Amino acid sequence: MMKPSRVKLPFSVIVIVICVFAFAGVLYTEDIGSLSSSSILNLRTCSKQEPLANSREADEDKKTSSAVEDDIDDLEADGKVEIEPPKCSVFKGNWVFNSSAEPLYTDETCPYLDRQVCCVKNGRPDSDYRHWEWQPDDCTLPRFDPAVALEKLRGKRLMFVGDSLQRGQWQSFVCLVEFLIPADQKSMRRGRSLSVFTAKEYNASIEFYWAPFLVESNSDLDVIADPNDRILRVDSVSKHAKNWIGVDILVFNTYVWWMSGFKIKSLWGSFANMEEGFEELDAPIAYRLGLKTWANWVDSTVDPNKTRVFFTTMSPTHMSHNDQNSHFRSKDWHNEEGIRCYNETSPVTKKGYWGSGSDKWIMNVVASVVERMKIPVSFINITQISEHRIDGHTSVYTEYQGEVLTDEQKADPQSYADCIHWCLPGVPDTWNQLFYAYL
């Protein structure tokens with residue numbers, strides 16, 4: 001394959017590329033240590049007939065529907081879920097403020113949170129964002145019961161696989177249950193790729209594996225800040241996947257790292273050949289190839305009788321990729337003078353709100369790949385409910401390149417507000433509430 005030739009770019013393109021670098025700067029702070037498709041958006045969830053967020057219609061997905069129905073039936077029998085109508089779409093609903101609802105943990109009480117997401121510790125003065133609850137229109141989600149969750153995990157390995165947003169969901173899950181476990185019966189081991197929280201009394205582990213693209217890349221461990229220097233092996237997950245074998249519950253995600261440029265350098269074969277062997281592909285095309293590689297691994301390796309597979313849908317970004325236009329995203333929710341998500345203190349209340357921070361094209365790719373898989377994959381559909389939560393991001397109450405923002409940096413939200421990651425406790429706790437309904 002010929003090495004791509006270099007051509008002179010128009011000035012407008014150069015400006016756009018420079019702006020993309022600014023977006024990549026937020027991703028660089030990640031330290032290592034369809035939608036029109038009915039298969040994702042039109043999920044009829046919380047019902048006996050069509051349980052939570054499965055990737056296929058009930059009449060096509062008989063391989064797992066009965067198992068999930070049994071889980072939901074168990075919850076009903078315990079009085080932990082209320083289901084009145086025959087069908088319920090979990091993404092159709094609204095956020096309800098409940099001042100009496102306290103999080104099960106804080107960034108002071110849970111010792112396992114990265115400082116990046118500890119918004120209160122980092123100086124966030126408001127607290128309303130911690131008291132919003134997602135309420136579907138046609139049913140009631142079960143509250144997260146940490147004792148029940150731990151019992152369901154007894155003797156099992158649960159692993160979250162993906163990027164820093166998936167790491168946030170992992171940390172949320174750990175913090176939601178860890179306070180019930182005596183100090184001498186729990187441990188945490190943090191690694192560059194694999195981090196493991198162990199609940200000894202339950203012979204269970206809650207793990208996170210860092211693989212931001214799922215497929216292999218030259219930026220997996222030593223993060224390359226410039227997206228143009230990143231190269232992906234879109235045909236291989238083997239380096240990562242050897243760590244996924246034997247896990248009882250796998251929860252995957254990949255999205256935001258694919259969105260840091262218009263083209264993705266894609267490689268077939270060894271990285272030793274990358275100088276001559278890569279091809280620049282449009283991001284959605286490269287994403288489809290990478291996701292197919294992941295899907296092939298799941299289909300060829302996973303035993304559905306032993307392992308359950310989930311996929312967390314995209315987490316919305318509420319910041320512009322174009323740093324020259326800091327008002328781009330805030331115009332989505334009619335705050336013409338807003339700067340990204342900075343100083344937002346309440347959710348968007350418009351029913352079915354959908355901003356420009358979630359790529360429907362990419363979600364269609366996910367839907368089309370998953371619906372062709374042999375092994376059942378269930379979606380944890382977080383996208384629509386998270387779109388509303390412009391108030392839930394870390395904003396300026398976070399870190400930049402490993403250091404908490406200074407007062408001077410906090411006063412410059414156009415440069416430093418992070419509207420990709422989420423405060424904890426916060427929105428990812430609701431993601432795990434959806435996930436809990438399966439457990």
# chains A, B, ... in the order shown; residues from 1 in each chain; ligands from 1
>>> select_by_dssp(residues="stretch 172-209 of chain A", states="helix (DSSP H, G or I)", output="compact mmCIF listing (two decimals) with C-alpha atoms, in the first residue's frame")
# COMPACT_ATOMS: atom_id res chain seq x y z
CA SER A 172 -19.47 5.02 40.00
CA PHE A 173 -20.38 1.34 40.31
CA VAL A 174 -17.55 0.69 42.77
CA CYS A 175 -18.55 3.66 44.92
CA LEU A 176 -22.21 2.60 44.88
CA VAL A 177 -21.36 -0.71 46.58
CA GLU A 178 -17.99 -0.45 48.35
CA PHE A 179 -19.25 1.21 51.55
CA LEU A 180 -21.15 -1.97 52.49
CA ALA A 183 -12.26 -2.55 55.04
CA ASP A 184 -10.47 -5.89 55.45
CA GLN A 185 -12.76 -7.52 52.88
CA LYS A 200 -13.37 -10.71 48.99
CA GLU A 201 -16.44 -11.65 50.99
CA TYR A 202 -18.39 -12.07 47.73
>>> residues_around(residues="stretch 372-388 of chain A", least_positions_apart="6", cutoff="6 Å", atoms="only C-alpha atoms", output="JSON, numbers by chain")
{"A": [53, 54, 55, 91, 299, 309, 310, 311, 312, 313, 314, 315, 316, 347, 348]}
>>> write_last_selection(atoms="all heavy atoms", output="compact mmCIF listing (two decimals), in the first residue's frame")
# COMPACT_ATOMS: atom_id res chain seq x y z
N ALA A 53 -33.49 -2.38 27.20
CA ALA A 53 -32.45 -1.97 26.25
C ALA A 53 -31.77 -3.10 25.52
O ALA A 53 -30.57 -3.11 25.35
CB ALA A 53 -31.41 -1.12 26.96
N ASN A 54 -32.52 -4.09 25.00
CA ASN A 54 -31.86 -5.11 24.20
C ASN A 54 -31.66 -4.60 22.81
O ASN A 54 -32.36 -3.72 22.33
CB ASN A 54 -32.70 -6.39 24.17
CG ASN A 54 -31.85 -7.60 23.82
OD1 ASN A 54 -31.58 -7.82 22.67
ND2 ASN A 54 -31.44 -8.34 24.84
N SER A 55 -30.70 -5.14 22.11
CA SER A 55 -30.29 -4.60 20.82
C SER A 55 -31.21 -5.02 19.68
O SER A 55 -31.08 -4.52 18.59
CB SER A 55 -28.87 -5.05 20.50
OG SER A 55 -28.84 -6.46 20.40
N PHE A 91 -35.88 5.75 27.46
CA PHE A 91 -35.32 7.06 27.12
C PHE A 91 -36.40 8.13 27.00
O PHE A 91 -36.09 9.32 26.89
CB PHE A 91 -34.54 6.98 25.80
CG PHE A 91 -35.39 6.73 24.59
CD1 PHE A 91 -35.90 7.79 23.86
CD2 PHE A 91 -35.69 5.44 24.18
CE1 PHE A 91 -36.68 7.57 22.74
CE2 PHE A 91 -36.48 5.22 23.07
CZ PHE A 91 -36.98 6.28 22.35
N ASP A 299 -18.26 -12.73 18.78
CA ASP A 299 -18.97 -13.87 18.18
C ASP A 299 -18.15 -15.15 18.19
O ASP A 299 -18.67 -16.25 18.32
CB ASP A 299 -19.38 -13.52 16.74
CG ASP A 299 -20.65 -12.69 16.66
OD1 ASP A 299 -21.37 -12.62 17.67
OD2 ASP A 299 -20.91 -12.11 15.60
N VAL A 309 -22.90 -9.82 27.63
CA VAL A 309 -22.20 -8.72 26.97
C VAL A 309 -23.14 -7.51 26.87
O VAL A 309 -24.29 -7.64 26.41
CB VAL A 309 -21.71 -9.11 25.56
CG1 VAL A 309 -20.96 -7.95 24.92
CG2 VAL A 309 -20.81 -10.35 25.64
N PHE A 310 -22.63 -6.36 27.29
CA PHE A 310 -23.37 -5.11 27.22
C PHE A 310 -22.55 -4.07 26.45
O PHE A 310 -21.33 -4.17 26.37
CB PHE A 310 -23.66 -4.55 28.63
CG PHE A 310 -24.56 -5.42 29.46
CD1 PHE A 310 -24.04 -6.48 30.20
CD2 PHE A 310 -25.93 -5.19 29.50
CE1 PHE A 310 -24.86 -7.28 30.97
CE2 PHE A 310 -26.76 -5.99 30.27
CZ PHE A 310 -26.22 -7.04 31.01
N PHE A 311 -23.23 -3.09 25.91
CA PHE A 311 -22.57 -1.98 25.22
C PHE A 311 -23.23 -0.69 25.69
O PHE A 311 -24.44 -0.50 25.52
CB PHE A 311 -22.70 -2.12 23.70
CG PHE A 311 -21.76 -1.24 22.93
CD1 PHE A 311 -20.55 -1.74 22.45
CD2 PHE A 311 -22.05 0.09 22.68
CE1 PHE A 311 -19.67 -0.94 21.74
CE2 PHE A 311 -21.19 0.91 21.98
CZ PHE A 311 -19.99 0.39 21.51
N THR A 312 -22.43 0.18 26.30
CA THR A 312 -22.93 1.49 26.74
C THR A 312 -22.93 2.44 25.55
O THR A 312 -21.89 2.65 24.92
CB THR A 312 -22.05 2.07 27.86
OG1 THR A 312 -22.00 1.14 28.94
CG2 THR A 312 -22.62 3.38 28.37
N THR A 313 -24.07 2.99 25.22
CA THR A 313 -24.16 3.89 24.06
C THR A 313 -23.41 5.19 24.36
O THR A 313 -22.96 5.44 25.47
CB THR A 313 -25.62 4.18 23.69
OG1 THR A 313 -26.26 4.86 24.79
CG2 THR A 313 -26.37 2.90 23.39
N MET A 314 -23.29 6.02 23.36
CA MET A 314 -22.41 7.20 23.45
C MET A 314 -22.84 8.16 24.54
O MET A 314 -24.02 8.41 24.78
CB MET A 314 -22.35 7.93 22.10
CG MET A 314 -23.62 8.66 21.75
SD MET A 314 -23.45 9.64 20.23
CE MET A 314 -23.37 8.37 18.99
N SER A 315 -21.84 8.69 25.23
CA SER A 315 -22.05 9.75 26.21
C SER A 315 -21.97 11.09 25.49
O SER A 315 -20.95 11.38 24.85
CB SER A 315 -20.99 9.66 27.30
OG SER A 315 -21.06 10.77 28.17
N PRO A 316 -23.01 11.92 25.56
CA PRO A 316 -23.01 13.18 24.80
C PRO A 316 -21.92 14.14 25.28
O PRO A 316 -21.59 14.19 26.46
CB PRO A 316 -24.40 13.77 25.09
CG PRO A 316 -25.21 12.65 25.63
CD PRO A 316 -24.25 11.73 26.32
N PRO A 347 -30.86 20.74 34.24
CA PRO A 347 -30.95 20.04 32.95
C PRO A 347 -31.80 20.80 31.94
O PRO A 347 -32.56 21.71 32.28
CB PRO A 347 -31.64 18.70 33.32
CG PRO A 347 -31.56 18.60 34.80
CD PRO A 347 -31.54 20.00 35.31
N VAL A 348 -31.65 20.41 30.68
CA VAL A 348 -32.56 20.88 29.64
C VAL A 348 -33.90 20.18 29.85
O VAL A 348 -33.96 18.95 29.99
CB VAL A 348 -32.01 20.54 28.24
CG1 VAL A 348 -33.01 20.92 27.16
CG2 VAL A 348 -30.68 21.25 28.01
>>> closest_residue(among="A:Gly168, A:Gly246, A:Gly93, A:Gly269", to="A:Thr140", atoms="only C-alpha atoms")
A:Gly93
>>> closest_residue(among="A:Asn228, A:Ser89, A:Ser236, A:Ser127", to="A:Gly290", atoms="only C-alpha atoms")
A:Ser236
>>> residues_around(residues="stretch 99-112 of chain A", least_positions_apart="4", cutoff="10 Å", atoms="only C-alpha atoms", output="MDAnalysis selection string")
chainID A and resid 117:122 127:128 130:133 144:146 171:172 174:179 188 190 197 423:426 429
>>> closest_residue(among="A:Ile181, A:Val427, A:Ile231, A:Cys419", to="A:Arg340", atoms="only C-alpha atoms")
A:Cys419
>>> closest_residue(among="A:Asp163, A:Asn98, A:Gln169, A:Leu150", to="A:Asn432", atoms="only C-alpha atoms")
A:Gln169
>>> select_by_dssp(residues="stretch 151-268 of chain A", states="strand (DSSP E or B)", output="JSON, numbers by chain")
{"A": [157, 158, 159, 160, 161, 162, 186, 187, 188, 189, 194, 195, 196, 197, 198, 199, 204, 205, 206, 207, 208, 209, 210, 216, 217, 231, 232, 233, 249, 250, 251, 252, 263, 264, 265, 266, 267]}
>>> write_last_selection(atoms="C-alpha atoms", output="PDB file, in the first residue's frame")
ATOM      1  CA  ARG A 157     -16.118 -10.886  37.442  1.00  0.00           C
ATOM      2  CA  LEU A 158     -17.662  -7.677  36.109  1.00  0.00           C
ATOM      3  CA  MET A 159     -15.463  -5.709  33.726  1.00  0.00           C
ATOM      4  CA  PHE A 160     -16.024  -2.288  32.147  1.00  0.00           C
ATOM      5  CA  VAL A 161     -13.962  -1.839  28.964  1.00  0.00           C
ATOM      6  CA  GLY A 162     -13.380   1.427  27.118  1.00  0.00           C
ATOM      7  CA  LYS A 186     -12.064  -5.199  49.957  1.00  0.00           C
ATOM      8  CA  SER A 187      -9.073  -4.033  47.979  1.00  0.00           C
ATOM      9  CA  MET A 188      -8.218  -1.934  44.941  1.00  0.00           C
ATOM     10  CA  ARG A 189      -5.354  -2.490  42.531  1.00  0.00           C
ATOM     11  CA  LEU A 194      -6.298  -3.037  34.140  1.00  0.00           C
ATOM     12  CA  SER A 195      -7.676  -1.876  37.484  1.00  0.00           C
ATOM     13  CA  VAL A 196      -9.438  -4.302  39.817  1.00  0.00           C
ATOM     14  CA  PHE A 197     -11.674  -3.708  42.829  1.00  0.00           C
ATOM     15  CA  THR A 198     -12.093  -6.947  44.769  1.00  0.00           C
ATOM     16  CA  ALA A 199     -14.933  -7.763  47.158  1.00  0.00           C
ATOM     17  CA  ALA A 204     -16.318 -10.914  43.189  1.00  0.00           C
ATOM     18  CA  SER A 205     -14.406  -8.282  41.272  1.00  0.00           C
ATOM     19  CA  ILE A 206     -15.433  -5.042  39.555  1.00  0.00           C
ATOM     20  CA  GLU A 207     -12.790  -4.225  36.968  1.00  0.00           C
ATOM     21  CA  PHE A 208     -11.888  -1.608  34.395  1.00  0.00           C
ATOM     22  CA  TYR A 209      -9.802  -2.245  31.308  1.00  0.00           C
ATOM     23  CA  TRP A 210      -8.460   0.746  29.379  1.00  0.00           C
ATOM     24  CA  GLU A 216      -5.377  -1.620  19.217  1.00  0.00           C
ATOM     25  CA  SER A 217      -3.678   1.722  18.670  1.00  0.00           C
ATOM     26  CA  ILE A 231      -2.663   5.027  14.211  1.00  0.00           C
ATOM     27  CA  LEU A 232      -5.233   2.288  14.779  1.00  0.00           C
ATOM     28  CA  ARG A 233      -5.020  -1.405  13.987  1.00  0.00           C
ATOM     29  CA  ILE A 249     -20.149  -9.681  32.602  1.00  0.00           C
ATOM     30  CA  LEU A 250     -18.507  -7.422  29.997  1.00  0.00           C
ATOM     31  CA  VAL A 251     -19.603  -3.807  29.522  1.00  0.00           C
ATOM     32  CA  PHE A 252     -18.007  -2.105  26.494  1.00  0.00           C
ATOM     33  CA  LYS A 263      -9.745  11.182   9.329  1.00  0.00           C
ATOM     34  CA  ILE A 264      -8.429   8.137  11.177  1.00  0.00           C
ATOM     35  CA  LYS A 265      -5.117   6.568  10.235  1.00  0.00           C
ATOM     36  CA  SER A 266      -6.047   2.915   9.934  1.00  0.00           C
ATOM     37  CA  LEU A 267      -3.579   0.070   9.765  1.00  0.00           C
TER      38      LEU A 267
END
>>> closest_residue(among="A:Ala211, A:Leu141, A:Leu165, A:Val365", to="A:Thr394", atoms="only C-alpha atoms")
A:Leu165
>>> atom_distance(atom1="atom CA of A:Gln135", atom2="atom CA of A:Tyr397")
27.5 Å
